[in-house]
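Source file: upload01.pdb (PDB, C-alpha atoms)
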```
MODEL        1
ATOM      1  CA  MET H  72      23.679  35.361 -13.777
ATOM      2  CA  ILE H  73      20.701  37.029 -15.442
ATOM      3  CA  LEU H  74      20.364  37.896 -19.133
ATOM      4  CA  VAL H  75      18.199  40.876 -20.070
ATOM      5  CA  THR H  76      17.077  40.873 -23.692
ATOM      6  CA  GLY H  77      15.868  44.144 -25.166
ATOM      7  CA  ALA H  78      18.322  45.756 -22.768
ATOM      8  CA  THR H  79      18.157  49.214 -24.362
ATOM      9  CA  GLY H  80      14.348  49.305 -24.300
ATOM     10  CA  HIS H  81      12.241  51.113 -21.738
ATOM     11  CA  VAL H  82      11.729  48.057 -19.502
ATOM     12  CA  GLY H  83      15.002  46.308 -20.248
ATOM     13  CA  SER H  84      17.212  49.317 -19.536
ATOM     14  CA  ALA H  85      15.471  49.955 -16.211
ATOM     15  CA  LEU H  86      15.826  46.272 -15.306
ATOM     16  CA  VAL H  87      19.561  46.266 -16.071
ATOM     17  CA  GLN H  88      19.995  49.297 -13.816
ATOM     18  CA  LEU H  89      18.036  47.689 -10.980
ATOM     19  CA  LEU H  90      19.917  44.407 -11.144
ATOM     20  CA  ALA H  91      23.313  46.070 -11.396
ATOM     21  CA  ALA H  92      22.524  48.401  -8.485
ATOM     22  CA  ALA H  93      21.554  45.378  -6.377
ATOM     23  CA  GLY H  94      24.852  43.671  -7.158
ATOM     24  CA  GLU H  95      23.233  40.944  -9.268
ATOM     25  CA  PRO H  96      25.445  39.636 -12.083
ATOM     26  CA  VAL H  97      23.652  40.823 -15.223
ATOM     27  CA  ARG H  98      24.302  40.519 -18.940
ATOM     28  CA  ALA H  99      22.613  43.070 -21.226
ATOM     29  CA  MET H 100      21.789  41.832 -24.729
ATOM     30  CA  THR H 101      21.582  44.338 -27.557
ATOM     31  CA  ARG H 102      22.133  44.416 -31.285
ATOM     32  CA  ARG H 103      24.616  47.291 -30.863
ATOM     33  CA  PRO H 104      26.721  46.603 -27.756
ATOM     34  CA  ALA H 105      29.465  49.025 -28.819
ATOM     35  CA  GLN H 106      27.026  51.959 -28.820
ATOM     36  CA  ALA H 107      25.066  50.976 -25.713
ATOM     37  CA  ARG H 108      25.703  52.551 -22.316
ATOM     38  CA  PHE H 109      25.038  50.314 -19.335
ATOM     39  CA  PRO H 110      25.800  50.806 -15.625
ATOM     40  CA  ALA H 111      28.948  49.487 -14.033
ATOM     41  CA  GLY H 112      28.675  45.792 -13.329
ATOM     42  CA  ALA H 113      26.525  45.026 -16.394
ATOM     43  CA  GLU H 114      28.112  43.037 -19.208
ATOM     44  CA  ALA H 115      27.067  44.080 -22.714
ATOM     45  CA  VAL H 116      26.697  41.283 -25.250
ATOM     46  CA  TYR H 117      25.594  41.105 -28.865
ATOM     47  CA  GLY H 118      22.426  39.193 -29.596
ATOM     48  CA  ASP H 119      19.615  39.456 -32.114
ATOM     49  CA  ALA H 120      16.483  37.313 -32.075
ATOM     50  CA  ALA H 121      16.352  37.673 -35.864
ATOM     51  CA  ASP H 122      19.779  35.981 -35.931
ATOM     52  CA  PRO H 123      19.264  32.835 -33.802
ATOM     53  CA  GLU H 124      22.900  31.789 -34.196
ATOM     54  CA  SER H 125      23.930  34.890 -32.209
ATOM     55  CA  LEU H 126      21.917  33.798 -29.189
ATOM     56  CA  ALA H 127      24.046  30.869 -28.022
ATOM     57  CA  ALA H 128      26.836  33.087 -26.694
ATOM     58  CA  ALA H 129      24.375  35.579 -25.189
ATOM     59  CA  PHE H 130      22.536  32.896 -23.187
ATOM     60  CA  ALA H 131      25.587  30.815 -22.249
ATOM     61  CA  GLY H 132      25.962  30.377 -18.499
ATOM     62  CA  MET H 133      22.733  32.164 -17.603
ATOM     63  CA  ASP H 134      20.548  31.080 -14.681
ATOM     64  CA  GLY H 135      17.720  33.511 -15.434
ATOM     65  CA  ALA H 136      16.501  35.551 -18.381
ATOM     66  CA  PHE H 137      14.130  38.402 -19.106
ATOM     67  CA  LEU H 138      12.610  37.785 -22.521
ATOM     68  CA  MET H 139      10.946  40.396 -24.699
ATOM     69  CA  SER H 140      10.547  40.967 -28.404
ATOM     70  CA  ALA H 141       9.717  44.055 -30.413
ATOM     71  CA  GLN H 142       8.783  41.982 -33.462
ATOM     72  CA  ALA H 143       5.554  43.433 -34.845
ATOM     73  CA  VAL H 144       2.520  41.173 -35.049
ATOM     74  CA  GLY H 145       1.987  39.878 -38.569
ATOM     75  CA  THR H 146       5.511  40.463 -39.862
ATOM     76  CA  ALA H 147       5.984  36.684 -39.964
ATOM     77  CA  PRO H 148       3.625  33.695 -39.882
ATOM     78  CA  GLU H 149       4.366  33.325 -36.150
ATOM     79  CA  PRO H 150       6.401  35.157 -33.462
ATOM     80  CA  THR H 151       9.748  33.838 -34.630
ATOM     81  CA  HIS H 152      11.732  36.106 -32.291
ATOM     82  CA  ASP H 153       9.923  34.882 -29.177
ATOM     83  CA  LEU H 154      10.338  31.292 -30.312
ATOM     84  CA  ALA H 155      14.057  31.789 -30.949
ATOM     85  CA  LEU H 156      14.632  33.382 -27.531
ATOM     86  CA  ALA H 157      12.803  30.607 -25.683
ATOM     87  CA  ALA H 158      14.667  27.923 -27.625
ATOM     88  CA  ALA H 159      18.008  29.568 -26.874
ATOM     89  CA  ALA H 160      17.170  29.782 -23.184
ATOM     90  CA  GLU H 161      16.254  26.103 -23.114
ATOM     91  CA  ARG H 162      19.447  25.040 -24.884
ATOM     92  CA  ALA H 163      21.522  27.088 -22.436
ATOM     93  CA  GLY H 164      19.853  25.468 -19.424
ATOM     94  CA  VAL H 165      18.261  28.681 -18.188
ATOM     95  CA  ARG H 166      16.066  27.896 -15.196
ATOM     96  CA  ARG H 167      14.083  31.047 -14.423
ATOM     97  CA  VAL H 168      12.367  33.094 -17.152
ATOM     98  CA  VAL H 169      10.293  36.278 -17.061
ATOM     99  CA  LYS H 170       8.384  36.956 -20.283
ATOM    100  CA  LEU H 171       7.101  40.424 -21.171
ATOM    101  CA  SER H 172       3.764  39.888 -22.895
ATOM    102  CA  THR H 173       0.693  42.111 -23.363
ATOM    103  CA  LEU H 174      -2.548  42.704 -21.497
ATOM    104  CA  ASP H 175      -4.933  39.735 -21.847
ATOM    105  CA  GLY H 176      -2.173  37.677 -23.465
ATOM    106  CA  GLY H 177      -3.757  35.411 -26.039
ATOM    107  CA  THR H 178      -7.397  36.049 -25.158
ATOM    108  CA  GLY H 179      -9.609  36.098 -28.237
ATOM    109  CA  ASP H 180      -9.234  34.820 -31.769
ATOM    110  CA  ASP H 181      -7.814  37.692 -33.776
ATOM    111  CA  PRO H 182      -4.258  37.758 -35.202
ATOM    112  CA  ILE H 183      -2.925  39.590 -32.138
ATOM    113  CA  ALA H 184      -4.349  37.000 -29.728
ATOM    114  CA  ARG H 185      -3.053  34.074 -31.755
ATOM    115  CA  TRP H 186       0.408  35.660 -31.933
ATOM    116  CA  GLN H 187       0.544  36.243 -28.188
ATOM    117  CA  ARG H 188      -0.692  32.739 -27.365
ATOM    118  CA  THR H 189       2.142  31.252 -29.382
ATOM    119  CA  ALA H 190       4.694  33.608 -27.822
ATOM    120  CA  GLU H 191       3.602  32.826 -24.262
ATOM    121  CA  ALA H 192       3.381  29.096 -24.922
ATOM    122  CA  ALA H 193       7.041  29.116 -25.941
ATOM    123  CA  VAL H 194       7.832  29.952 -22.306
ATOM    124  CA  THR H 195       5.099  28.101 -20.426
ATOM    125  CA  ASP H 196       5.557  24.776 -22.267
ATOM    126  CA  ARG H 197       6.191  22.252 -19.463
ATOM    127  CA  ALA H 198       8.645  20.372 -21.664
ATOM    128  CA  ARG H 199      11.047  23.312 -21.386
ATOM    129  CA  GLY H 200      11.099  23.131 -17.605
ATOM    130  CA  PHE H 201      11.263  26.870 -17.000
ATOM    131  CA  ALA H 202      10.243  28.440 -13.718
ATOM    132  CA  TRP H 203       8.347  31.144 -15.599
ATOM    133  CA  THR H 204       6.521  34.378 -14.862
ATOM    134  CA  LEU H 205       4.359  36.251 -17.380
ATOM    135  CA  LEU H 206       4.009  40.029 -17.216
ATOM    136  CA  ARG H 207       1.008  41.359 -19.133
ATOM    137  CA  PRO H 208       0.992  45.162 -19.108
ATOM    138  CA  GLY H 209      -1.300  47.495 -20.995
ATOM    139  CA  ARG H 210      -0.138  50.794 -22.447
ATOM    140  CA  PHE H 211       3.252  52.112 -21.350
ATOM    141  CA  MET H 212       3.587  55.645 -19.985
ATOM    142  CA  SER H 213       6.750  55.873 -22.047
ATOM    143  CA  ASN H 214       4.649  55.824 -25.220
ATOM    144  CA  ALA H 215       4.420  59.573 -24.590
ATOM    145  CA  LEU H 216       8.056  59.854 -25.685
ATOM    146  CA  GLN H 217       6.720  59.509 -29.231
ATOM    147  CA  TRP H 218       5.582  63.113 -28.867
ATOM    148  CA  ALA H 219       9.095  64.437 -28.296
ATOM    149  CA  GLY H 220       9.827  65.090 -31.961
ATOM    150  CA  GLN H 221       6.692  67.176 -32.402
ATOM    151  CA  LEU H 222       7.371  69.108 -29.188
ATOM    152  CA  ARG H 223      10.723  70.140 -30.614
ATOM    153  CA  THR H 224       8.911  72.316 -33.155
ATOM    154  CA  GLY H 225       5.861  73.535 -31.225
ATOM    155  CA  ASP H 226       3.199  72.940 -28.598
ATOM    156  CA  GLU H 227       0.740  70.953 -30.736
ATOM    157  CA  VAL H 228       0.872  67.169 -30.927
ATOM    158  CA  ALA H 229      -0.971  64.974 -33.414
ATOM    159  CA  ILE H 230      -2.322  61.996 -31.469
ATOM    160  CA  PRO H 231      -4.493  59.171 -32.814
ATOM    161  CA  PHE H 232      -7.188  57.807 -30.497
ATOM    162  CA  ALA H 233      -6.600  60.820 -28.256
ATOM    163  CA  ASP H 234      -9.831  60.278 -26.320
ATOM    164  CA  ARG H 235      -9.383  56.549 -25.640
ATOM    165  CA  PRO H 236      -8.483  56.047 -21.959
ATOM    166  CA  ALA H 237      -5.894  53.601 -20.684
ATOM    167  CA  ALA H 238      -4.428  52.870 -17.274
ATOM    168  CA  SER H 239      -0.874  53.136 -18.551
ATOM    169  CA  ILE H 240       2.025  51.799 -16.477
ATOM    170  CA  ASP H 241       5.525  53.094 -15.838
ATOM    171  CA  PRO H 242       8.129  50.729 -17.369
ATOM    172  CA  ALA H 243      10.159  51.233 -14.183
ATOM    173  CA  ASP H 244       7.421  49.421 -12.251
ATOM    174  CA  LEU H 245       7.499  46.566 -14.753
ATOM    175  CA  ALA H 246      11.272  46.366 -14.360
ATOM    176  CA  GLU H 247      10.941  46.213 -10.580
ATOM    177  CA  ILE H 248       8.412  43.378 -10.804
ATOM    178  CA  ALA H 249      10.644  41.534 -13.279
ATOM    179  CA  ALA H 250      13.602  41.910 -10.915
ATOM    180  CA  LEU H 251      11.588  40.459  -8.045
ATOM    181  CA  ALA H 252      10.517  37.494 -10.150
ATOM    182  CA  LEU H 253      14.060  36.851 -11.352
ATOM    183  CA  THR H 254      15.783  37.116  -7.976
ATOM    184  CA  THR H 255      13.357  35.962  -5.280
ATOM    185  CA  GLY H 256      11.782  32.824  -6.690
ATOM    186  CA  GLU H 257       8.442  33.918  -5.234
ATOM    187  CA  HIS H 258       6.520  34.445  -8.478
ATOM    188  CA  THR H 259       6.916  31.171 -10.350
ATOM    189  CA  ARG H 260       4.013  30.347 -12.693
ATOM    190  CA  ALA H 261       2.410  33.698 -11.911
ATOM    191  CA  ILE H 262       0.554  35.575 -14.642
ATOM    192  CA  TYR H 263       0.356  39.260 -13.778
ATOM    193  CA  GLU H 264      -1.971  41.590 -15.661
ATOM    194  CA  LEU H 265      -0.618  45.032 -14.891
ATOM    195  CA  SER H 266      -1.715  48.637 -15.092
ATOM    196  CA  GLY H 267      -0.902  51.991 -13.627
ATOM    197  CA  PRO H 268      -2.947  53.617 -10.835
ATOM    198  CA  GLN H 269      -5.188  55.853 -12.956
ATOM    199  CA  SER H 270      -7.012  55.757 -16.271
ATOM    200  CA  LEU H 271      -6.169  58.708 -18.512
ATOM    201  CA  THR H 272      -6.705  59.544 -22.163
ATOM    202  CA  PRO H 273      -3.690  60.655 -24.216
ATOM    203  CA  THR H 274      -5.246  64.122 -24.164
ATOM    204  CA  GLU H 275      -5.184  64.081 -20.361
ATOM    205  CA  GLU H 276      -1.636  62.735 -20.314
ATOM    206  CA  LEU H 277      -0.537  65.560 -22.617
ATOM    207  CA  SER H 278      -2.126  68.052 -20.241
ATOM    208  CA  VAL H 279      -0.228  66.555 -17.296
ATOM    209  CA  LEU H 280       2.990  66.647 -19.302
ATOM    210  CA  GLY H 281       2.338  70.296 -20.165
ATOM    211  CA  GLU H 282       2.002  71.151 -16.482
ATOM    212  CA  VAL H 283       5.307  69.417 -15.732
ATOM    213  CA  LEU H 284       7.077  71.190 -18.612
ATOM    214  CA  GLY H 285       5.415  74.546 -18.001
ATOM    215  CA  ARG H 286       3.976  74.584 -21.524
ATOM    216  CA  ASP H 287       0.469  74.949 -22.941
ATOM    217  CA  LEU H 288       0.367  71.723 -24.945
ATOM    218  CA  ARG H 289      -2.511  70.996 -27.289
ATOM    219  CA  VAL H 290      -3.784  67.947 -29.148
ATOM    220  CA  ARG H 291      -4.299  67.883 -32.881
ATOM    221  CA  PRO H 292      -6.717  64.986 -33.383
ATOM    222  CA  VAL H 293      -5.934  62.316 -35.970
ATOM    223  CA  SER H 294      -8.908  60.821 -37.771
ATOM    224  CA  THR H 295      -9.630  57.108 -37.627
ATOM    225  CA  ASP H 296      -8.937  56.797 -41.351
ATOM    226  CA  ALA H 297      -5.581  58.553 -40.975
ATOM    227  CA  ALA H 298      -4.661  56.316 -38.044
ATOM    228  CA  ARG H 299      -5.522  53.243 -40.099
ATOM    229  CA  ALA H 300      -3.470  54.513 -43.040
ATOM    230  CA  GLY H 301      -0.510  55.182 -40.738
ATOM    231  CA  MET H 302      -0.507  51.615 -39.455
ATOM    232  CA  SER H 303      -0.672  50.309 -43.014
ATOM    233  CA  ARG H 304       2.346  52.430 -43.973
ATOM    234  CA  TYR H 305       4.284  50.816 -41.121
ATOM    235  CA  GLY H 306       3.740  47.466 -42.795
ATOM    236  CA  PHE H 307       0.999  45.929 -40.645
ATOM    237  CA  PRO H 308      -1.106  43.445 -42.676
ATOM    238  CA  PRO H 309      -4.771  44.474 -43.140
ATOM    239  CA  GLU H 310      -6.069  41.831 -40.727
ATOM    240  CA  VAL H 311      -3.705  43.095 -38.010
ATOM    241  CA  VAL H 312      -4.745  46.696 -38.645
ATOM    242  CA  ASP H 313      -8.381  45.609 -38.303
ATOM    243  CA  ALA H 314      -7.602  43.886 -34.997
ATOM    244  CA  ILE H 315      -5.769  46.923 -33.615
ATOM    245  CA  MET H 316      -8.606  49.243 -34.621
ATOM    246  CA  ARG H 317     -11.235  46.957 -33.111
ATOM    247  CA  ARG H 318      -9.319  46.542 -29.850
ATOM    248  CA  THR H 319      -8.715  50.278 -29.588
ATOM    249  CA  LEU H 320     -12.169  51.520 -30.497
ATOM    250  CA  ASP H 321     -14.386  48.808 -29.040
ATOM    251  CA  GLY H 322     -12.480  47.458 -26.068
ATOM    252  CA  ASP H 323     -12.262  49.056 -22.637
ATOM    253  CA  ARG H 324     -10.059  46.451 -20.968
ATOM    254  CA  GLY H 325      -6.979  48.661 -21.211
ATOM    255  CA  SER H 326      -8.671  51.437 -19.245
ATOM    256  CA  GLU H 327      -9.247  49.220 -16.210
ATOM    257  CA  VAL H 328      -7.123  50.028 -13.159
ATOM    258  CA  LEU H 329      -5.761  46.692 -11.964
ATOM    259  CA  PRO H 330      -4.397  46.179  -8.428
ATOM    260  CA  THR H 331      -1.730  43.637  -9.321
ATOM    261  CA  ALA H 332       1.270  45.954  -9.568
ATOM    262  CA  GLU H 333       0.559  47.493  -6.179
ATOM    263  CA  LYS H 334       0.186  44.058  -4.582
ATOM    264  CA  VAL H 335       3.422  42.703  -6.046
ATOM    265  CA  LEU H 336       5.443  45.858  -5.370
ATOM    266  CA  GLY H 337       4.020  46.437  -1.914
ATOM    267  CA  ARG H 338       3.522  50.121  -2.702
ATOM    268  CA  PRO H 339       1.392  52.269  -5.036
ATOM    269  CA  ALA H 340       2.250  52.094  -8.711
ATOM    270  CA  ARG H 341       3.841  55.221 -10.137
ATOM    271  CA  THR H 342       1.528  57.886 -11.570
ATOM    272  CA  PHE H 343       1.872  59.462 -14.996
ATOM    273  CA  ALA H 344       2.787  62.773 -13.363
ATOM    274  CA  ARG H 345       5.681  61.086 -11.582
ATOM    275  CA  TRP H 346       6.808  59.466 -14.833
ATOM    276  CA  ALA H 347       6.620  62.838 -16.622
ATOM    277  CA  ARG H 348       8.726  64.555 -13.967
ATOM    278  CA  ALA H 349      11.359  61.829 -14.208
ATOM    279  CA  HIS H 350      11.558  62.144 -18.012
ATOM    280  CA  ALA H 351      10.986  65.875 -18.510
ATOM    281  CA  ALA H 352      14.496  66.377 -19.879
ATOM    282  CA  GLU H 353      13.694  64.064 -22.795
ATOM    283  CA  PHE H 354      11.107  66.493 -24.178
ATOM    284  CA  PRO H 355      12.920  69.284 -26.044
ATOM    285  CA  ARG H 356      11.679  72.833 -26.310
ATOM    286  CA  PRO H 357      11.269  74.591 -29.674
TER     287      PRO H 357
ENDMDL
END
```

With the file now loaded, output its structure as structure tokens.
Amino acid sequence: MILVTGATGHVGSALVQLLAAAGEPVRAMTRRPAQARFPAGAEAVYGDAADPESLAAAFAGMDGAFLMSAQAVGTAPEPTHDLALAAAAERAGVRRVVKLSTLDGGTGDDPIARWQRTAEAAVTDRARGFAWTLLRPGRFMSNALQWAGQLRTGDEVAIPFADRPAASIDPADLAEIAALALTTGEHTRAIYELSGPQSLTPTEELSVLGEVLGRDLRVRPVSTDAARAGMSRYGFPPEVVDAIMRRTLDGDRGSEVLPTAEKVLGRPARTFARWARAHAAEFPRP
């Protein structure tokens, strides 16, 4: 049986659907199982990485697990949620683990890199004996759903870093790769850096979305100072804000189109236009 943590997230929910559709026994972990809606065949279970005692029942009897954490970098001295999930998997005797990480993993020496190194090491530690796979995606296409609230009131969207390109990836492709790793045994100790098939700026993505929705959507740029202030209001420590700004403004790694997803999937990765068509109903009209 396979446990999917973060089962209501963009990757986790797609993974639960894939596994259930394939007839794989799957348990979907969420903090609100009573409110969650999962496909037939999926078992909903309560679990919260911030409450390690809740994890024993969630992981009990599992052969495989998809591990992800939404804990923000810098909100604790180390990635306590990732550490708790890996420890729970080990105690439960989980054999196969797929960890959702980030592009470049722990490369570098800023707070983000150090955080990711610790999170990945919790899974790759030989002492734990996991047959592990690391997925390292860049920007998600589903980040565009953050625009939905603004599109409810008009056709203009405030977007920070609107001219910074990224080869964003469809979470459905990540879910498909995770399912392969969890069910085939063919991707053990693989580290996959993953992107979508084209590099687009948020401005270009908004234009594509406008074509799909039949609307003339426009960007309202957000200044660098305003973007920095917004991250600070969300509680990111100053050193983490500095790292995010530096990675966003100076780095071009995220804009690189990587062939890994296509090779693993055996087909082209989904385009942003395809993602937008699949999720058009989630963008309300004024």

Counting only C-alpha atoms, the residue among H:Pro273, H:Gly267, H:Pro292, H:Pro236 that lies closest to Leu216 of chain H is H:Pro273

Hey, what's within 9 Å of Leu329 of chain H if we count only C-alpha atoms and toss same-chain stuff fewer than 5 positions away? As a PyMOL selection string, please?
-> chain H and resi 238+264-268

Would you list the residues near (3.8, 47.6, -15.9), meaning any protein, DNA or RNA residue with an atom at most 10 Å from that point in file coordinates, counting only C-alpha atoms, as number ranges by chain?
-> H: 82, 171, 173-174, 206-212, 238-249, 263-267, 331-332, 340-341

Restricting it to C-alpha atoms, dump the selection as a PDB file, in the coordinates of the input.
```
ATOM      1  CA  VAL H  82      11.729  48.057 -19.502  1.00  0.00           C
ATOM      2  CA  LEU H 171       7.101  40.424 -21.171  1.00  0.00           C
ATOM      3  CA  THR H 173       0.693  42.111 -23.363  1.00  0.00           C
ATOM      4  CA  LEU H 174      -2.548  42.704 -21.497  1.00  0.00           C
ATOM      5  CA  LEU H 206       4.009  40.029 -17.216  1.00  0.00           C
ATOM      6  CA  ARG H 207       1.008  41.359 -19.133  1.00  0.00           C
ATOM      7  CA  PRO H 208       0.992  45.162 -19.108  1.00  0.00           C
ATOM      8  CA  GLY H 209      -1.300  47.495 -20.995  1.00  0.00           C
ATOM      9  CA  ARG H 210      -0.138  50.794 -22.447  1.00  0.00           C
ATOM     10  CA  PHE H 211       3.252  52.112 -21.350  1.00  0.00           C
ATOM     11  CA  MET H 212       3.587  55.645 -19.985  1.00  0.00           C
ATOM     12  CA  ALA H 238      -4.428  52.870 -17.274  1.00  0.00           C
ATOM     13  CA  SER H 239      -0.874  53.136 -18.551  1.00  0.00           C
ATOM     14  CA  ILE H 240       2.025  51.799 -16.477  1.00  0.00           C
ATOM     15  CA  ASP H 241       5.525  53.094 -15.838  1.00  0.00           C
ATOM     16  CA  PRO H 242       8.129  50.729 -17.369  1.00  0.00           C
ATOM     17  CA  ALA H 243      10.159  51.233 -14.183  1.00  0.00           C
ATOM     18  CA  ASP H 244       7.421  49.421 -12.251  1.00  0.00           C
ATOM     19  CA  LEU H 245       7.499  46.566 -14.753  1.00  0.00           C
ATOM     20  CA  ALA H 246      11.272  46.366 -14.360  1.00  0.00           C
ATOM     21  CA  GLU H 247      10.941  46.213 -10.580  1.00  0.00           C
ATOM     22  CA  ILE H 248       8.412  43.378 -10.804  1.00  0.00           C
ATOM     23  CA  ALA H 249      10.644  41.534 -13.279  1.00  0.00           C
ATOM     24  CA  TYR H 263       0.356  39.260 -13.778  1.00  0.00           C
ATOM     25  CA  GLU H 264      -1.971  41.590 -15.661  1.00  0.00           C
ATOM     26  CA  LEU H 265      -0.618  45.032 -14.891  1.00  0.00           C
ATOM     27  CA  SER H 266      -1.715  48.637 -15.092  1.00  0.00           C
ATOM     28  CA  GLY H 267      -0.902  51.991 -13.627  1.00  0.00           C
ATOM     29  CA  THR H 331      -1.730  43.637  -9.321  1.00  0.00           C
ATOM     30  CA  ALA H 332       1.270  45.954  -9.568  1.00  0.00           C
ATOM     31  CA  ALA H 340       2.250  52.094  -8.711  1.00  0.00           C
ATOM     32  CA  ARG H 341       3.841  55.221 -10.137  1.00  0.00           C
TER      33      ARG H 341
END
```

Evaluating the PyMOL selection byres ((chain H and resi 87) around 7) on the displayed file yields which residues, as a PyMOL selection string?
-> chain H and resi 75+78+83-86+88-91+97+99

In Å, rounded to a single decimal, give me how far atom CA of Thr274 of chain H is from atom CA of Gln142 of chain H.
->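 For atom CA of Gln142 of chain H relative to atom CA of Thr274 of chain H, the distance reads 27.8 Å.
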
List as a PDB file with C-alpha atoms, keeping the file's coordinate frame the protein and nucleic acid residues near Arg235 of chain H, meaning an atom at most 10 Å away when all atoms listed in the file are counted, but skip any in the same chain fewer than 4 places from it.
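After the write, out.pdb holds the following:
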```pdb
ATOM      1  CA  PRO H 231      -4.493  59.171 -32.814  1.00  0.00           C
ATOM      2  CA  SER H 270      -7.012  55.757 -16.271  1.00  0.00           C
ATOM      3  CA  LEU H 271      -6.169  58.708 -18.512  1.00  0.00           C
ATOM      4  CA  THR H 272      -6.705  59.544 -22.163  1.00  0.00           C
ATOM      5  CA  PRO H 273      -3.690  60.655 -24.216  1.00  0.00           C
ATOM      6  CA  THR H 274      -5.246  64.122 -24.164  1.00  0.00           C
ATOM      7  CA  THR H 319      -8.715  50.278 -29.588  1.00  0.00           C
ATOM      8  CA  LEU H 320     -12.169  51.520 -30.497  1.00  0.00           C
ATOM      9  CA  ASP H 321     -14.386  48.808 -29.040  1.00  0.00           C
ATOM     10  CA  GLY H 322     -12.480  47.458 -26.068  1.00  0.00           C
ATOM     11  CA  ASP H 323     -12.262  49.056 -22.637  1.00  0.00           C
ATOM     12  CA  GLY H 325      -6.979  48.661 -21.211  1.00  0.00           C
ATOM     13  CA  SER H 326      -8.671  51.437 -19.245  1.00  0.00           C
TER      14      SER H 326
END
```

Once the PyMOL selection byres ((chain H and resi 100) around 10) is applied to the coordinates I shared, what remains selected? I want it as a PDB file with C-alpha atoms, in the frame of the given file.
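Below is the file that was written, selection_15.pdb:
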```pdb
ATOM      1  CA  LEU H  74      20.364  37.896 -19.133  1.00  0.00           C
ATOM      2  CA  VAL H  75      18.199  40.876 -20.070  1.00  0.00           C
ATOM      3  CA  THR H  76      17.077  40.873 -23.692  1.00  0.00           C
ATOM      4  CA  GLY H  77      15.868  44.144 -25.166  1.00  0.00           C
ATOM      5  CA  ALA H  78      18.322  45.756 -22.768  1.00  0.00           C
ATOM      6  CA  THR H  79      18.157  49.214 -24.362  1.00  0.00           C
ATOM      7  CA  GLY H  83      15.002  46.308 -20.248  1.00  0.00           C
ATOM      8  CA  VAL H  87      19.561  46.266 -16.071  1.00  0.00           C
ATOM      9  CA  VAL H  97      23.652  40.823 -15.223  1.00  0.00           C
ATOM     10  CA  ARG H  98      24.302  40.519 -18.940  1.00  0.00           C
ATOM     11  CA  ALA H  99      22.613  43.070 -21.226  1.00  0.00           C
ATOM     12  CA  THR H 101      21.582  44.338 -27.557  1.00  0.00           C
ATOM     13  CA  ARG H 102      22.133  44.416 -31.285  1.00  0.00           C
ATOM     14  CA  ARG H 103      24.616  47.291 -30.863  1.00  0.00           C
ATOM     15  CA  PRO H 104      26.721  46.603 -27.756  1.00  0.00           C
ATOM     16  CA  ALA H 107      25.066  50.976 -25.713  1.00  0.00           C
ATOM     17  CA  GLU H 114      28.112  43.037 -19.208  1.00  0.00           C
ATOM     18  CA  ALA H 115      27.067  44.080 -22.714  1.00  0.00           C
ATOM     19  CA  VAL H 116      26.697  41.283 -25.250  1.00  0.00           C
ATOM     20  CA  TYR H 117      25.594  41.105 -28.865  1.00  0.00           C
ATOM     21  CA  GLY H 118      22.426  39.193 -29.596  1.00  0.00           C
ATOM     22  CA  ASP H 119      19.615  39.456 -32.114  1.00  0.00           C
ATOM     23  CA  LEU H 126      21.917  33.798 -29.189  1.00  0.00           C
ATOM     24  CA  ALA H 129      24.375  35.579 -25.189  1.00  0.00           C
ATOM     25  CA  PHE H 130      22.536  32.896 -23.187  1.00  0.00           C
TER      26      PHE H 130
END
```

Could you tell me which residues the PyMOL selection byres ((chain H and resi 163) around 10) returns for this structure, as JSON, numbers by chain?
-> {"H": [126, 127, 128, 129, 130, 131, 132, 133, 134, 157, 158, 159, 160, 161, 162, 164, 165, 166]}

Just want the 10 Å neighbourhood of Ala261 of chain H, counted on only C-alpha atoms, with same-chain residues fewer than 5 positions away dropped. Output as an mmCIF file with C-alpha atoms, keeping the file's coordinate frame.
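File written: part.cif
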```cif
data_model
loop_
_atom_site.group_PDB
_atom_site.id
_atom_site.type_symbol
_atom_site.label_atom_id
_atom_site.label_comp_id
_atom_site.auth_asym_id
_atom_site.auth_seq_id
_atom_site.Cartn_x
_atom_site.Cartn_y
_atom_site.Cartn_z
ATOM 1 C CA VAL H 169 10.293 36.278 -17.061
ATOM 2 C CA ALA H 202 10.243 28.440 -13.718
ATOM 3 C CA TRP H 203 8.347 31.144 -15.599
ATOM 4 C CA THR H 204 6.521 34.378 -14.862
ATOM 5 C CA LEU H 205 4.359 36.251 -17.380
ATOM 6 C CA LEU H 206 4.009 40.029 -17.216
ATOM 7 C CA ALA H 252 10.517 37.494 -10.150
#
```

note - atom CA of Gln269 of chain H and atom CA of Pro339 of chain H are separated by 10.9 Å
